[in-house]
$ cat protein_15.txt   # compact mmCIF, C-alpha atoms and all ligand atoms
# COMPACT_ATOMS: atom_id res chain seq x y z
CA MET A 9 24.10 -58.35 -21.98
CA ALA A 10 27.38 -57.40 -23.60
CA GLY A 11 27.24 -57.79 -27.39
CA LEU A 12 23.58 -58.89 -27.26
CA THR A 13 21.12 -56.36 -25.85
CA HIS A 14 21.60 -53.71 -28.51
CA SER A 15 18.97 -51.82 -30.44
CA VAL A 16 18.22 -54.67 -32.87
CA LEU A 17 17.55 -57.32 -30.24
CA ARG A 18 15.52 -54.86 -28.18
CA THR A 19 13.43 -54.04 -31.25
CA THR A 20 12.92 -57.74 -31.98
CA ILE A 21 11.70 -58.31 -28.43
CA LEU A 22 9.36 -55.33 -28.66
CA GLY A 23 7.83 -56.81 -31.81
CA PHE A 24 6.40 -59.61 -29.66
CA GLY A 25 5.59 -57.45 -26.62
CA GLY A 26 5.33 -58.33 -22.96
CA VAL A 27 8.50 -56.62 -21.79
CA GLY A 28 8.22 -53.96 -19.07
CA LEU A 29 11.72 -52.51 -19.08
CA LEU A 30 14.49 -52.83 -21.67
CA SER A 31 18.18 -52.49 -20.96
CA THR A 32 21.41 -51.57 -22.69
CA GLU A 33 24.42 -53.80 -22.29
CA MET A 34 26.92 -52.69 -19.63
CA LEU A 35 28.44 -49.34 -20.61
CA SER A 36 31.83 -48.11 -19.57
CA ALA A 37 30.97 -44.95 -17.62
CA SER A 38 34.33 -43.36 -18.28
CA ARG A 39 33.92 -43.71 -22.05
CA LEU A 40 30.25 -42.79 -22.18
CA PRO A 41 30.58 -38.98 -22.43
CA ALA A 42 32.79 -39.34 -25.55
CA GLU A 43 30.52 -41.82 -27.37
CA ARG A 44 28.44 -40.50 -30.26
CA PRO A 45 24.78 -41.36 -29.68
CA GLY A 46 23.93 -41.67 -33.39
CA SER A 47 26.75 -44.01 -34.35
CA SER A 48 28.00 -45.73 -31.17
CA PRO A 49 26.91 -49.38 -31.28
CA TYR A 50 26.37 -49.15 -27.53
CA LEU A 51 24.10 -46.14 -27.67
CA VAL A 52 22.21 -46.34 -30.95
CA ARG A 53 18.50 -46.70 -30.24
CA THR A 54 15.11 -45.95 -31.75
CA ALA A 55 12.32 -43.96 -30.11
CA ALA A 56 10.26 -47.14 -29.73
CA GLU A 57 12.87 -48.66 -27.36
CA SER A 58 11.38 -47.30 -24.20
CA PRO A 59 11.44 -47.45 -21.23
CA LEU A 60 15.17 -48.10 -21.53
CA SER A 61 17.56 -48.61 -18.64
CA TYR A 62 21.22 -47.67 -19.18
CA GLN A 63 23.55 -49.97 -17.29
CA LEU A 64 26.80 -48.46 -16.02
CA LEU A 65 30.13 -49.96 -15.15
CA LEU A 66 31.19 -47.18 -12.85
CA THR A 67 34.03 -47.20 -10.35
CA ASP A 68 35.00 -43.56 -9.99
CA GLU A 69 32.48 -41.30 -8.27
CA ASN A 70 34.24 -38.17 -9.56
CA ILE A 71 33.02 -38.69 -13.12
CA ILE A 72 29.36 -38.94 -12.10
CA PRO A 73 28.41 -35.34 -13.10
CA GLN A 74 29.63 -35.75 -16.73
CA VAL A 75 28.26 -39.28 -17.04
CA PHE A 76 24.83 -38.34 -15.75
CA ASP A 77 24.72 -35.26 -17.99
CA SER A 78 25.25 -37.60 -20.93
CA LEU A 79 22.56 -39.98 -19.70
CA HIS A 80 20.07 -37.14 -19.32
CA ARG A 81 20.84 -35.99 -22.86
CA LEU A 82 20.34 -39.56 -24.08
CA GLN A 83 16.92 -39.54 -22.40
CA ALA A 84 17.64 -42.53 -20.22
CA ASP A 85 14.52 -43.71 -18.41
CA VAL A 86 16.41 -45.61 -15.70
CA ILE A 87 20.08 -45.79 -14.63
CA ASP A 88 21.39 -49.15 -13.45
CA PHE A 89 24.66 -50.01 -11.70
CA ASN A 90 26.37 -53.24 -12.63
CA LEU A 91 27.56 -54.69 -9.32
CA GLY A 92 27.41 -58.32 -10.37
CA CYS A 93 29.57 -58.97 -13.44
CA PRO A 94 32.07 -61.76 -12.61
CA ALA A 95 34.22 -61.33 -15.77
CA PRO A 96 37.91 -61.13 -14.76
CA LEU A 97 38.57 -58.13 -17.01
CA VAL A 98 35.74 -56.16 -15.42
CA ARG A 99 36.76 -57.19 -11.91
CA ARG A 100 40.38 -56.21 -12.52
CA SER A 101 39.23 -52.72 -13.45
CA GLY A 102 37.51 -52.52 -10.06
CA GLY A 103 33.98 -52.90 -11.44
CA GLY A 104 31.12 -55.42 -11.52
CA SER A 105 31.00 -57.95 -8.71
CA SER A 106 34.30 -56.72 -7.21
CA LEU A 107 32.41 -53.64 -6.01
CA MET A 108 30.43 -55.81 -3.59
CA ASP A 109 33.69 -56.10 -1.61
CA HIS A 110 33.90 -52.31 -1.35
CA PRO A 111 30.60 -51.21 0.17
CA ASP A 112 31.94 -47.80 1.20
CA ARG A 113 32.91 -46.98 -2.37
CA VAL A 114 29.50 -48.14 -3.60
CA ARG A 115 27.83 -46.05 -0.91
CA ARG A 116 29.64 -42.93 -2.15
CA ILE A 117 28.78 -43.74 -5.78
CA VAL A 118 25.09 -44.24 -5.07
CA ALA A 119 24.82 -41.24 -2.75
CA ARG A 120 26.45 -38.93 -5.30
CA SER A 121 24.34 -40.37 -8.12
CA ARG A 122 21.17 -39.83 -6.11
CA LYS A 123 22.01 -36.12 -5.83
CA GLN A 124 22.72 -35.94 -9.54
CA THR A 125 19.42 -37.24 -10.97
CA ASN A 126 15.72 -37.67 -10.31
CA LEU A 127 15.61 -40.73 -12.56
CA PRO A 128 15.03 -44.14 -10.99
CA LEU A 129 18.34 -45.68 -9.90
CA THR A 130 18.63 -49.46 -9.88
CA ALA A 131 21.38 -51.99 -9.22
CA LYS A 132 22.13 -55.55 -10.25
CA ILE A 133 24.04 -57.90 -8.00
CA ARG A 134 24.99 -61.55 -7.58
CA LEU A 135 24.78 -63.12 -4.11
CA GLY A 136 28.43 -62.44 -3.29
CA GLU A 137 31.62 -64.49 -2.89
CA THR A 138 30.16 -66.91 -0.35
CA LEU A 139 26.75 -67.28 1.24
CA ASP A 140 27.25 -64.65 3.92
CA GLU A 141 23.81 -63.51 4.96
CA GLU A 142 24.90 -60.65 7.17
CA LYS A 143 27.27 -59.18 4.60
CA LEU A 144 24.65 -59.46 1.87
CA ARG A 145 21.94 -57.93 4.05
CA ASN A 146 24.15 -54.99 5.01
CA PHE A 147 25.10 -54.41 1.38
CA CYS A 148 21.51 -54.53 0.09
CA ARG A 149 20.21 -52.30 2.89
CA MET A 150 22.99 -49.84 2.21
CA LEU A 151 21.95 -49.69 -1.47
CA ALA A 152 18.29 -49.07 -0.61
CA GLY A 153 19.23 -46.58 2.11
CA GLU A 154 21.33 -44.50 -0.28
CA GLY A 155 18.54 -44.27 -2.85
CA ILE A 156 18.51 -47.36 -5.06
CA ASP A 157 14.88 -47.75 -6.18
CA LEU A 158 14.93 -51.36 -7.39
CA LEU A 159 17.34 -54.23 -7.04
CA THR A 160 17.87 -57.12 -9.46
CA VAL A 161 19.46 -60.26 -8.09
CA HIS A 162 21.17 -62.85 -10.26
CA ALA A 163 20.72 -65.67 -7.80
CA ARG A 164 24.20 -67.17 -7.98
CA LEU A 165 27.44 -66.60 -6.13
CA ARG A 166 30.17 -64.71 -7.95
CA ALA A 167 32.03 -67.79 -9.22
CA GLU A 168 29.08 -70.10 -9.80
CA PRO A 169 28.68 -71.22 -13.42
CA PHE A 170 25.40 -71.15 -15.34
CA ALA A 171 25.27 -74.95 -15.11
CA ARG A 172 24.60 -74.64 -11.39
CA PRO A 173 20.90 -74.17 -10.54
CA PRO A 174 20.19 -70.62 -9.34
CA ARG A 175 19.32 -70.00 -5.69
CA TRP A 176 15.95 -68.32 -6.23
CA PRO A 177 14.86 -68.55 -2.54
CA TRP A 178 17.72 -66.15 -1.75
CA VAL A 179 15.96 -63.51 -3.81
CA GLY A 180 13.01 -63.93 -1.45
CA LYS A 181 15.31 -63.52 1.53
CA ILE A 182 16.65 -60.25 0.12
CA LYS A 183 13.14 -59.06 -0.61
CA GLN A 184 12.20 -59.47 3.05
CA TRP A 185 15.13 -57.26 4.11
CA LEU A 186 14.13 -54.36 1.84
CA ASP A 187 11.19 -52.13 1.11
CA ILE A 188 12.05 -51.62 -2.58
CA PRO A 189 11.05 -53.97 -5.44
CA VAL A 190 13.36 -56.93 -5.90
CA ILE A 191 13.63 -58.62 -9.30
CA ALA A 192 14.76 -62.22 -9.76
CA ASN A 193 17.23 -63.25 -12.46
CA GLY A 194 18.94 -66.46 -13.47
CA SER A 195 17.94 -69.37 -15.71
CA ILE A 196 14.41 -68.22 -16.49
CA ASP A 197 13.93 -69.70 -19.95
CA SER A 198 10.29 -70.79 -20.15
CA VAL A 199 6.84 -70.04 -18.79
CA ALA A 200 7.30 -72.97 -16.38
CA SER A 201 10.62 -71.71 -15.01
CA ALA A 202 9.19 -68.18 -14.70
CA ARG A 203 6.38 -69.61 -12.57
CA ARG A 204 8.80 -71.68 -10.49
CA CYS A 205 11.09 -68.73 -9.92
CA LEU A 206 8.22 -66.52 -8.78
CA SER A 207 6.91 -69.15 -6.41
CA GLU A 208 10.36 -69.87 -4.91
CA SER A 209 11.41 -66.22 -4.64
CA GLY A 210 8.21 -64.18 -4.27
CA ALA A 211 10.04 -61.63 -6.44
CA ASP A 212 8.36 -58.45 -7.65
CA GLY A 213 9.36 -59.18 -11.23
CA LEU A 214 11.62 -61.18 -13.50
CA MET A 215 14.68 -60.31 -15.53
CA ILE A 216 15.42 -62.59 -18.47
CA GLY A 217 18.90 -62.69 -19.98
CA ARG A 218 20.13 -65.39 -22.34
CA ALA A 219 16.68 -66.68 -23.21
CA ALA A 220 15.89 -63.24 -24.65
CA ALA A 221 18.36 -63.92 -27.44
CA ARG A 222 17.20 -67.47 -28.01
CA MET A 223 13.48 -66.69 -27.79
CA PRO A 224 12.76 -62.98 -28.08
CA TRP A 225 9.06 -63.91 -27.74
CA ILE A 226 9.56 -65.27 -24.21
CA PHE A 227 8.51 -61.97 -22.60
CA ALA A 228 5.19 -62.09 -24.44
CA ALA A 229 4.66 -65.71 -23.42
CA VAL A 230 5.45 -65.02 -19.74
CA ALA A 231 3.37 -61.82 -19.69
CA ARG A 232 0.41 -63.69 -21.18
CA GLU A 233 0.63 -66.96 -19.25
CA VAL A 234 1.98 -65.80 -15.88
CA TYR A 235 0.89 -62.17 -15.57
CA ARG A 236 -2.35 -62.54 -17.57
CA VAL A 237 -1.54 -59.59 -19.82
CA GLU A 238 -3.69 -59.62 -22.94
CA ILE A 239 -1.19 -60.28 -25.71
CA PRO A 240 -2.27 -62.23 -28.77
CA GLU A 241 -0.45 -65.52 -29.20
CA THR A 242 1.79 -65.60 -32.26
CA LYS A 243 3.82 -68.47 -33.62
CA PRO A 244 7.31 -67.09 -34.17
CA CYS A 245 8.76 -67.77 -37.61
CA LEU A 246 12.48 -68.29 -37.01
CA PRO A 247 13.89 -67.65 -40.53
CA HIS A 248 11.81 -64.47 -40.81
CA LEU A 249 12.94 -63.30 -37.37
CA TYR A 250 16.58 -63.96 -38.32
CA ASP A 251 16.24 -62.10 -41.62
CA GLU A 252 14.74 -59.10 -39.87
CA PHE A 253 17.55 -59.24 -37.32
CA VAL A 254 20.22 -59.13 -40.05
CA ARG A 255 18.40 -56.27 -41.79
CA GLY A 256 18.33 -54.41 -38.46
CA LEU A 257 22.08 -54.86 -38.06
CA ILE A 258 22.66 -53.51 -41.58
CA GLU A 259 20.39 -50.54 -40.91
CA ARG A 260 21.82 -49.53 -37.53
CA PHE A 261 25.47 -50.61 -37.34
CA ARG A 262 28.57 -49.75 -39.31
CA PRO A 263 29.77 -52.70 -41.48
CA GLU A 264 32.61 -53.70 -39.13
CA ARG A 265 30.20 -53.87 -36.20
CA ARG A 266 27.67 -56.24 -37.74
CA LEU A 267 29.17 -59.72 -38.03
CA GLY A 268 30.34 -59.99 -34.41
CA ARG A 269 26.87 -59.13 -33.19
CA LEU A 270 25.26 -61.64 -35.54
CA LYS A 271 27.60 -64.35 -34.22
CA GLU A 272 26.75 -63.51 -30.60
CA PHE A 273 23.03 -63.63 -31.33
CA THR A 274 23.25 -66.82 -33.40
CA HIS A 275 25.06 -68.62 -30.57
CA TYR A 276 21.85 -68.39 -28.51
CA PHE A 277 19.25 -68.39 -31.29
CA ALA A 278 20.62 -71.66 -32.68
CA GLY A 279 19.40 -73.32 -29.49
CA ASN A 280 15.93 -73.41 -31.05
CA TYR A 281 17.08 -76.16 -33.41
CA PHE A 282 17.96 -79.76 -32.71
CA PHE A 283 20.98 -79.41 -35.00
CA GLY A 284 21.54 -75.80 -33.95
CA HIS A 285 25.23 -76.36 -33.32
CA GLN A 286 25.59 -76.62 -37.11
CA LEU A 287 23.97 -73.22 -37.57
CA ALA A 288 26.12 -71.69 -34.83
CA SER A 289 29.38 -73.12 -36.15
CA ARG A 290 28.70 -72.16 -39.79
CA VAL A 291 27.91 -68.59 -38.83
CA GLN A 292 30.87 -68.56 -36.46
CA ALA A 293 33.20 -69.61 -39.29
CA SER A 294 31.88 -66.98 -41.71
CA CYS A 295 34.14 -64.10 -42.72
CA SER A 296 31.43 -61.66 -43.76
CA LEU A 297 27.87 -60.82 -42.87
CA GLU A 298 26.74 -61.90 -46.33
CA GLU A 299 28.37 -65.31 -45.95
CA ALA A 300 26.87 -65.80 -42.49
CA TRP A 301 23.42 -64.84 -43.77
CA GLU A 302 23.72 -67.27 -46.69
CA GLN A 303 24.82 -70.07 -44.37
CA ALA A 304 21.92 -69.40 -42.06
CA THR A 305 19.42 -69.27 -44.93
CA ALA A 306 20.66 -72.65 -46.21
CA PHE A 307 20.44 -74.10 -42.71
CA PHE A 308 16.87 -72.89 -42.25
CA ALA A 309 15.83 -74.39 -45.60
CA ALA A 310 17.27 -77.77 -44.57
CA ASN A 311 15.86 -77.67 -41.02
CA ASP A 312 12.33 -76.33 -41.39
CA ARG A 313 10.72 -78.19 -38.54
CA ASP A 314 7.04 -77.59 -39.22
CA GLY A 315 7.30 -76.87 -42.92
CA ASP A 316 6.71 -73.17 -42.29
CA GLY A 317 9.71 -72.12 -40.16
CA THR A 318 7.66 -71.71 -37.01
CA VAL A 319 8.22 -73.01 -33.48
CA GLN A 320 5.93 -73.45 -30.51
CA ALA A 321 6.13 -70.73 -27.87
CA PRO A 322 7.99 -71.85 -24.70
C1 LIG A 401 27.08 -62.99 -23.09
C2 LIG A 401 26.58 -62.43 -21.79
C3 LIG A 401 26.73 -61.07 -21.54
C4 LIG A 401 26.26 -60.53 -20.34
N1 LIG A 401 26.40 -59.20 -20.15
C5 LIG A 401 25.84 -58.63 -19.04
C6 LIG A 401 25.86 -57.23 -18.86
O1 LIG A 401 26.37 -56.47 -19.70
N2 LIG A 401 25.28 -56.73 -17.74
C7 LIG A 401 24.68 -57.55 -16.80
O2 LIG A 401 24.14 -57.05 -15.82
N3 LIG A 401 24.66 -58.87 -16.96
C8 LIG A 401 25.23 -59.44 -18.05
N4 LIG A 401 25.16 -60.78 -18.21
C9 LIG A 401 24.48 -61.61 -17.18
C10 LIG A 401 22.98 -61.69 -17.49
O3 LIG A 401 22.39 -60.42 -17.47
C11 LIG A 401 22.26 -62.56 -16.47
O4 LIG A 401 22.43 -62.01 -15.19
C12 LIG A 401 22.76 -63.99 -16.47
O5 LIG A 401 23.01 -64.44 -17.78
C13 LIG A 401 21.73 -64.91 -15.79
O6 LIG A 401 20.46 -64.73 -16.34
P1 LIG A 401 19.89 -65.67 -17.53
O7 LIG A 401 19.95 -67.09 -17.04
O8 LIG A 401 18.48 -65.18 -17.74
O9 LIG A 401 20.78 -65.47 -18.70
C14 LIG A 401 25.64 -61.36 -19.38
C15 LIG A 401 25.49 -62.72 -19.63
C16 LIG A 401 25.95 -63.26 -20.82
C17 LIG A 401 25.77 -64.74 -21.07
$ encode --input "protein_15.txt" --output "C-alpha cells"
Amino acid sequence: MAGLTHSVLRTTILGFGGVGLLSTEMLSASRLPAERPGSSPYLVRTAAESPLSYQLLLTDENIIPQVFDSLHRLQADVIDFNLGCPAPLVRRSGGGSSLMDHPDRVRRIVARSRKQTNLPLTAKIRLGETLDEEKLRNFCRMLAGEGIDLLTVHARLRAEPFARPPRWPWVGKIKQWLDIPVIANGSIDSVASARRCLSESGADGLMIGRAAARMPWIFAAVAREVYRVEIPETKPCLPHLYDEFVRGLIERFRPERRLGRLKEFTHYFAGNYFFGHQLASRVQASCSLEEAWEQATAFFAANDRDGDGTVQAP
C-alpha cells in the first residue's frame, strides 16, 4: 500500500509472525531502474524482509528488460502487476485498474515478462467496471495462460468504496475458472472476517491491507486461529510498537521522508483507540517527527486502556 508497506511496517509485521509473503507498495516501473536501493524510500529493505514481492505499475512493455534487470539485482522473490488501483492519477497514466480495459496490452506485458524472468509472476485485480462475468473470465484466463502464477482479487468493482461490503463469493467464481492459486482481498480485519472470507470464497489464501497498519499482529492471529500455525500468543503493547516504528523510520529514512510516513501509519493505527481520532489529528497537525512523537506519547499516557498499553488480539 502506497506510503504504508515500507520496510518499517514490514519489519513490525514480521516481529509478530504469521505472514507468508510481504509486499512493497506500488512502484513506478519507469522510475525503478534509476532508484538507489540503499536510500530510496520505496526500495530500502532489510535481509529479514523475505519473501518480498515487488509490485509494479507498468504500462510500457518496452521497458521490461531494464526493469526486470533491476528487480533481479534487488533480489525480488516475486514480481506483482498492479492491475487494480482505482486512483485517478494512476488510471490517467494508463496503469492500475485501467489496464483491465486493455487486455491485449496486458497480454503483451505478461508474455514479455514471462520470457524475462523465472521468478513467480503475480497480478492483483479488482472485479472490473461492472459485474461482467464473461469479460472477467476472459481477462483472468488470459493472465493465467500467459504465465501469471497467482492472482489476488480485491473483491470490489473499480469504483466501489471501502464502505461497500466486498463480494467475496466472486473470488470463488474466479478460482473455479483458473488452475492457479487465487488469493482473496478486501475488508479482512479480524480472525472472524478471515474465516468468513475463506468460507465465502474458498480462496487459497488471504491478503490483508489496511488492517496490517492498524494491527500488524493480525497475520499472527489469523495464522494461529485459522491456519493452526504454531505461533505463541502475544499481547501487543501499542505505545512500545509505536516507539519502535518511529525508531525504524529514523533508522531507515532520510529526515524529510519520515513524518509523512508516520502520519499515514498513525491514520490506521489510531483505530485501536476509542478516542483515536485525537491521536490521528494531533499527529496530522505536527510539523516535525519529534512533535508528532511527543503528541503520540502524551496521548498514549492519557489513554492507556489496560494500564499497561496492551490490547487484545483481534
Ligand atoms: C492508502 C492505501 C494505499 C494502497 N496502495 C496500494 C498499492 O500500492 N497497491 C495495491 O495493490 N493496492 C493498494 N491499496 C489497496 C489495498 O492493497 C487493498 O486492496 C484494499 O485496501 C482492500 O483491502 P483491505 O480491506 O485489506 O485494506 C491501497 C489501499 C490504501 C487504503
$ residues_around --input "protein_15.txt" --residues "stretch 270-281 of chain A" --least-positions-apart "4" --cutoff "6 Å" --atoms "all atoms listed in the file" --output "number ranges by chain"
A: 221-222, 288, 292
$ residues_near_ligand --input "protein_15.txt" --ligand "ligand LIG 401 (chain A)" --cutoff "6 Å" --atoms "only C-alpha atoms and all ligand atoms" --output "PyMOL selection string"
chain A and resi 9-10+33-34+90+162+193-196+216-219
$ closest_residue --input "protein_15.txt" --among "A:Phe170, A:Ile188, A:Asp77, A:Leu165" --to "A:Thr130" --atoms "all atoms listed in the file"
A:Ile188
$ residues_near_point --input "protein_15.txt" --point "(14.5, -62.0, -3.0)" --cutoff "10 Å" --atoms "all atoms listed in the file" --output "list of chain:residue names"
A:Leu159, A:Thr160, A:Val161, A:His162, A:Ala163, A:Arg175, A:Trp176, A:Pro177, A:Trp178, A:Val179, A:Gly180, A:Lys181, A:Ile182, A:Lys183, A:Gln184, A:Trp185, A:Leu186, A:Pro189, A:Val190, A:Ile191, A:Ala192, A:Asn193, A:Leu206, A:Glu208, A:Ser209, A:Gly210, A:Ala211, A:Asp212
$ closest_residue --input "protein_15.txt" --among "A:Ile71, A:Met215, A:Ala304, A:Leu135" --to "A:Leu249" --atoms "all atoms listed in the file"
A:Ala304
$ residues_around --input "protein_15.txt" --residues "A:Gly26" --least-positions-apart "4" --cutoff "9 Å" --atoms "all atoms listed in the file" --output "number ranges by chain"
A: 21-22, 225-232, 237, 239
$ closest_residue --input "protein_15.txt" --among "A:Glu238, A:Glu233, A:Glu299, A:Asp109" --to "A:Arg166" --atoms "only C-alpha atoms"
A:Asp109
$ atom_distance --input "protein_15.txt" --atom1 "atom CA of A:Leu287" --atom2 "atom CA of A:Leu257"
18.5 Å
$ atom_distance --input "protein_15.txt" --atom1 "atom CA of A:Gln83" --atom2 "atom CA of A:Met223"
27.9 Å
